[in-house]
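Participant: Take this structure first; my questions come after.
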Amino acid sequence: MTAPHHAPSPFALRDDCLRIGDLSLPRLAQRVGRTPFYAYDRALVSARVGRLRAALPAEVELHYAMKANPMPALVQLLAGLVDGIDVASGGELKTALDTGLAPAAISFAGPGKTDGELACAVASGVLINLESEGEMERVALAGERLGLAPRVAVRINPDFELKHAGMKMGGGARQFGVDAARVPAMLGRLGELGLDFVGLHIFCGSQNLAAAAIADAQALSVDLALRLASYAPGPLRLINIGGGFGVPYFPGEKPLDLELIGERLTGQLALLRRESPHSGLALELGRYLVAEAGIYVCRVLERKISRGQVFLITDGGLHHHLAASGNFGQVLRKNYPVAIGNRMLGGARETVSVVGPLCTPLDLLADQMEMARAEVGDLVVVFQSGAYGLSASPAAFLGHPAALEVLV
């Protein structure tokens with residue numbers, strides 16, 4: 001039997017019901033109008049940003065990586081809390097521009113930008129993170145056509161990796177960025193093209209709970225940026241060293257030690273002040289800002305017993321929450337924290353599997369987990385669902401209704 005999960009501490013309980021914002025879960029479900037839905041707690045998002053600000057040096061810029069959760073209302077909230085937004089598509093760029101955030105505070109990364117997306121980015125005045133020499137030439141051409149000097153940074157594929165990362169984004173052969181050895185020549189050509197050089201972008205990996213490994217990678221990133229700065233056509237104004245900050249999903253995982261990272265970043269800032277006094281330093285965080293502030297909620301449609309095993313069949317599943325089903329990057333499937341949201345503690349408890357309505361055995365939200373005994377109509381909650389949820393799931397699969405999203 002899988003060990004039981006407990007509700008993450010940020011969410012309050014009252015009368016055995018989970019509360020989101022100041023609403024009980026059943027009341028929130030009535031307000032939303034139907035299940036399934038995602039709910040994001042704005043107070044928890046704000047508190048997370050505040051916690052980061054307190055733990056990290058004040059000079060460090062915080063950017064929101066929108067790919068973690070592009071819900072427009074949530075992005076609008078974060079636009080007022082962070083220093084910048086990083087996007088990875090033309091659609092995300094439109095959402096970021098709609099917030100009213102200054103275009104100079106928006107950056108655009110991604111290895112396959114179309115000519116139309118590049119033209120939009122140049123016209124908007126956002127920072128384009130160049131992923132290749134070919135993209136650099138296309139950006140320059142877009143600038144010529146518009147009579148503008150595009151603002152650019154070079155995304156580097158470093159010769160090191162982020163150790164213990166859940167997903168590696170740098171080091172080795174990658175589709176992301178320009179291999180570090182080729183960057184000097186690219187910077188020279190960038191100057192010839194008359195592009196407005198802003199800085200460098202180094203993103204090594206994601207979902208890391210090892211603070212020392214993150215701090216080591218940050219130090220290596222700053223060192224690499226300073227070594228390459230001598231080849232740049234102008235002053236290094238910004239070094240974006242990515243994120244990688246993880247959140248705990250599974251039993252035994254512990255929260256990230258922000259204090260250690262903050263201490264080490266203080267040293268990196270001192271180095272920058274000596275070696276490149278005009279350089280700013282930015283962290284690009286997505287999951288860490290929003291994951292723990294969100295839940296996914298679905299309703300029990302039926303209790304089913306098969307060969308002595310209890311199944312709770314719900315109206316939600318992998319088509320809305322691919323990550324919780326274990327089919328979004330997990331090698332060995334593990335349960336997300338799952339509970340009966342209107343019976344958090346409950347009286348009788350049982351071991352059940354929570355499944356969705358799809359005709360596939362992959363549609364599994366909880367495998368043999370202990371939780372309060374649930375009846376038809378009860379609300380199943382999947383915690384840690386604020387990042388890589390709805391937008392990272394195959395919502396059209398089998399034609400079921402899409403999940404709703406609310407910011408509370």
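Every chain in the structure tokens takes a letter, A first, then B, and so on in the order presented; its residues are numbered from 1, and the ligands are numbered from 1 following the presented order.
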Gln330 (chain A): which residues within 12 Å, counting only C-alpha atoms, same-chain residues fewer than 5 positions away excluded, as a list in words?
Facilitator: Gly166, Met167, Tyr249, Phe250, Leu322, Ala323, Ala324, Ser325, Asn335 and Tyr336 of chain A
Participant: Would you save the residues from that selection as a short mmCIF file (atom, residue, chain, number, x, y, z; two decimals), in the first residue's frame, using C-alpha atoms?
Facilitator:
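Saved to result.cif:
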```cif
data_model
loop_
_atom_site.label_atom_id
_atom_site.label_comp_id
_atom_site.auth_asym_id
_atom_site.auth_seq_id
_atom_site.Cartn_x
_atom_site.Cartn_y
_atom_site.Cartn_z
CA GLY A 166 14.10 16.38 -12.64
CA MET A 167 14.48 17.55 -16.25
CA TYR A 249 5.40 16.12 -4.63
CA PHE A 250 6.03 12.71 -3.12
CA LEU A 322 -1.51 14.44 -17.19
CA ALA A 323 1.18 15.00 -14.58
CA ALA A 324 -0.86 13.54 -11.73
CA SER A 325 -1.53 10.42 -13.82
CA ASN A 335 1.08 9.31 -6.43
CA TYR A 336 0.63 13.05 -6.15
#
```
Participant: With only C-alpha atoms as the counted atoms, please give the residues lying no more than 6 Å from region 345-349 of chain A, apart from itself and same-chain residues fewer than 6 positions off, as number ranges by chain.
Facilitator: A: 371-373
Participant: I'd like the interatomic distance between CA of Leu238 (chain A) and CA of Asn157 (chain A), to a tenth of an Å.
Facilitator: 16.8 Å
Participant: Residues near Arg227 (chain A), anyone? I mean within 12 Å using only C-alpha atoms, not counting same-chain ones fewer than 2 positions away, as a list of chain:residue names.
Facilitator: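 Surrounding residues, per the criterion: A:Ala180, A:Ala181, A:Val183, A:Pro184, A:Leu200, A:Leu220, A:Ser221, A:Val222, A:Asp223, A:Leu224, A:Ala225, A:Ala229, A:Ser230, A:Tyr231, A:Ala232, A:Leu236, A:Leu272, A:Glu275, A:Ser276.
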Participant: Can you write just those residues out, N, CA and C atoms, as a PDB file, in the first residue's frame?
Facilitator:
```
ATOM      1  N   ALA A 180      28.175  26.473 -25.852  1.00  0.00           N
ATOM      2  CA  ALA A 180      29.041  27.524 -25.314  1.00  0.00           C
ATOM      3  C   ALA A 180      30.246  27.804 -26.195  1.00  0.00           C
ATOM      4  N   ALA A 181      30.804  26.781 -26.806  1.00  0.00           N
ATOM      5  CA  ALA A 181      32.007  26.966 -27.633  1.00  0.00           C
ATOM      6  C   ALA A 181      31.725  27.809 -28.879  1.00  0.00           C
ATOM      7  N   VAL A 183      29.483  30.368 -28.964  1.00  0.00           N
ATOM      8  CA  VAL A 183      28.937  31.675 -28.599  1.00  0.00           C
ATOM      9  C   VAL A 183      29.864  32.838 -28.951  1.00  0.00           C
ATOM     10  N   PRO A 184      31.193  32.743 -28.736  1.00  0.00           N
ATOM     11  CA  PRO A 184      32.040  33.897 -29.090  1.00  0.00           C
ATOM     12  C   PRO A 184      31.872  34.355 -30.535  1.00  0.00           C
ATOM     13  N   LEU A 200      22.824  37.456 -21.548  1.00  0.00           N
ATOM     14  CA  LEU A 200      22.938  36.016 -21.756  1.00  0.00           C
ATOM     15  C   LEU A 200      21.908  35.279 -20.906  1.00  0.00           C
ATOM     16  N   LEU A 220      28.456  28.409 -11.611  1.00  0.00           N
ATOM     17  CA  LEU A 220      29.042  28.070 -12.909  1.00  0.00           C
ATOM     18  C   LEU A 220      28.455  28.932 -14.020  1.00  0.00           C
ATOM     19  N   SER A 221      27.158  29.239 -13.918  1.00  0.00           N
ATOM     20  CA  SER A 221      26.503  30.067 -14.934  1.00  0.00           C
ATOM     21  C   SER A 221      27.058  31.487 -14.933  1.00  0.00           C
ATOM     22  N   VAL A 222      27.218  32.058 -13.751  1.00  0.00           N
ATOM     23  CA  VAL A 222      27.774  33.410 -13.670  1.00  0.00           C
ATOM     24  C   VAL A 222      29.211  33.429 -14.184  1.00  0.00           C
ATOM     25  N   ASP A 223      29.983  32.430 -13.817  1.00  0.00           N
ATOM     26  CA  ASP A 223      31.366  32.351 -14.295  1.00  0.00           C
ATOM     27  C   ASP A 223      31.416  32.249 -15.815  1.00  0.00           C
ATOM     28  N   LEU A 224      30.549  31.414 -16.396  1.00  0.00           N
ATOM     29  CA  LEU A 224      30.512  31.272 -17.859  1.00  0.00           C
ATOM     30  C   LEU A 224      30.116  32.590 -18.522  1.00  0.00           C
ATOM     31  N   ALA A 225      29.112  33.255 -17.971  1.00  0.00           N
ATOM     32  CA  ALA A 225      28.669  34.528 -18.542  1.00  0.00           C
ATOM     33  C   ALA A 225      29.786  35.564 -18.515  1.00  0.00           C
ATOM     34  N   ALA A 229      31.552  37.407 -21.721  1.00  0.00           N
ATOM     35  CA  ALA A 229      31.258  38.834 -21.843  1.00  0.00           C
ATOM     36  C   ALA A 229      32.322  39.577 -22.642  1.00  0.00           C
ATOM     37  N   SER A 230      33.550  39.098 -22.613  1.00  0.00           N
ATOM     38  CA  SER A 230      34.623  39.793 -23.339  1.00  0.00           C
ATOM     39  C   SER A 230      34.423  39.739 -24.852  1.00  0.00           C
ATOM     40  N   TYR A 231      33.623  38.806 -25.332  1.00  0.00           N
ATOM     41  CA  TYR A 231      33.364  38.682 -26.772  1.00  0.00           C
ATOM     42  C   TYR A 231      32.133  39.477 -27.200  1.00  0.00           C
ATOM     43  N   ALA A 232      31.396  40.029 -26.252  1.00  0.00           N
ATOM     44  CA  ALA A 232      30.121  40.684 -26.547  1.00  0.00           C
ATOM     45  C   ALA A 232      30.341  42.028 -27.223  1.00  0.00           C
ATOM     46  N   LEU A 236      27.415  43.818 -20.757  1.00  0.00           N
ATOM     47  CA  LEU A 236      26.510  42.768 -20.324  1.00  0.00           C
ATOM     48  C   LEU A 236      25.539  43.385 -19.327  1.00  0.00           C
ATOM     49  N   LEU A 272      29.847  39.868  -9.461  1.00  0.00           N
ATOM     50  CA  LEU A 272      29.370  40.676 -10.578  1.00  0.00           C
ATOM     51  C   LEU A 272      29.681  42.153 -10.381  1.00  0.00           C
ATOM     52  N   GLU A 275      33.355  42.473 -11.369  1.00  0.00           N
ATOM     53  CA  GLU A 275      33.765  42.128 -12.734  1.00  0.00           C
ATOM     54  C   GLU A 275      32.896  42.751 -13.818  1.00  0.00           C
ATOM     55  N   SER A 276      31.620  42.969 -13.526  1.00  0.00           N
ATOM     56  CA  SER A 276      30.700  43.480 -14.538  1.00  0.00           C
ATOM     57  C   SER A 276      29.628  44.312 -13.843  1.00  0.00           C
TER      58      SER A 276
END
```
Participant: Separation of CA of Glu144 (chain A) and CA of Phe203 (chain A), in Å?
Facilitator: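 Atom-to-atom, CA of Glu144 (chain A) to CA of Phe203 (chain A), that is 29.3 Å.
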Participant: For Lys334 (chain A), which residue out of A:Pro251, A:His400, A:Val355, A:Ser206 is the nearest one, using only C-alpha atoms?
Facilitator: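 Smallest separation from Lys334 (chain A) among the options: A:Pro251.
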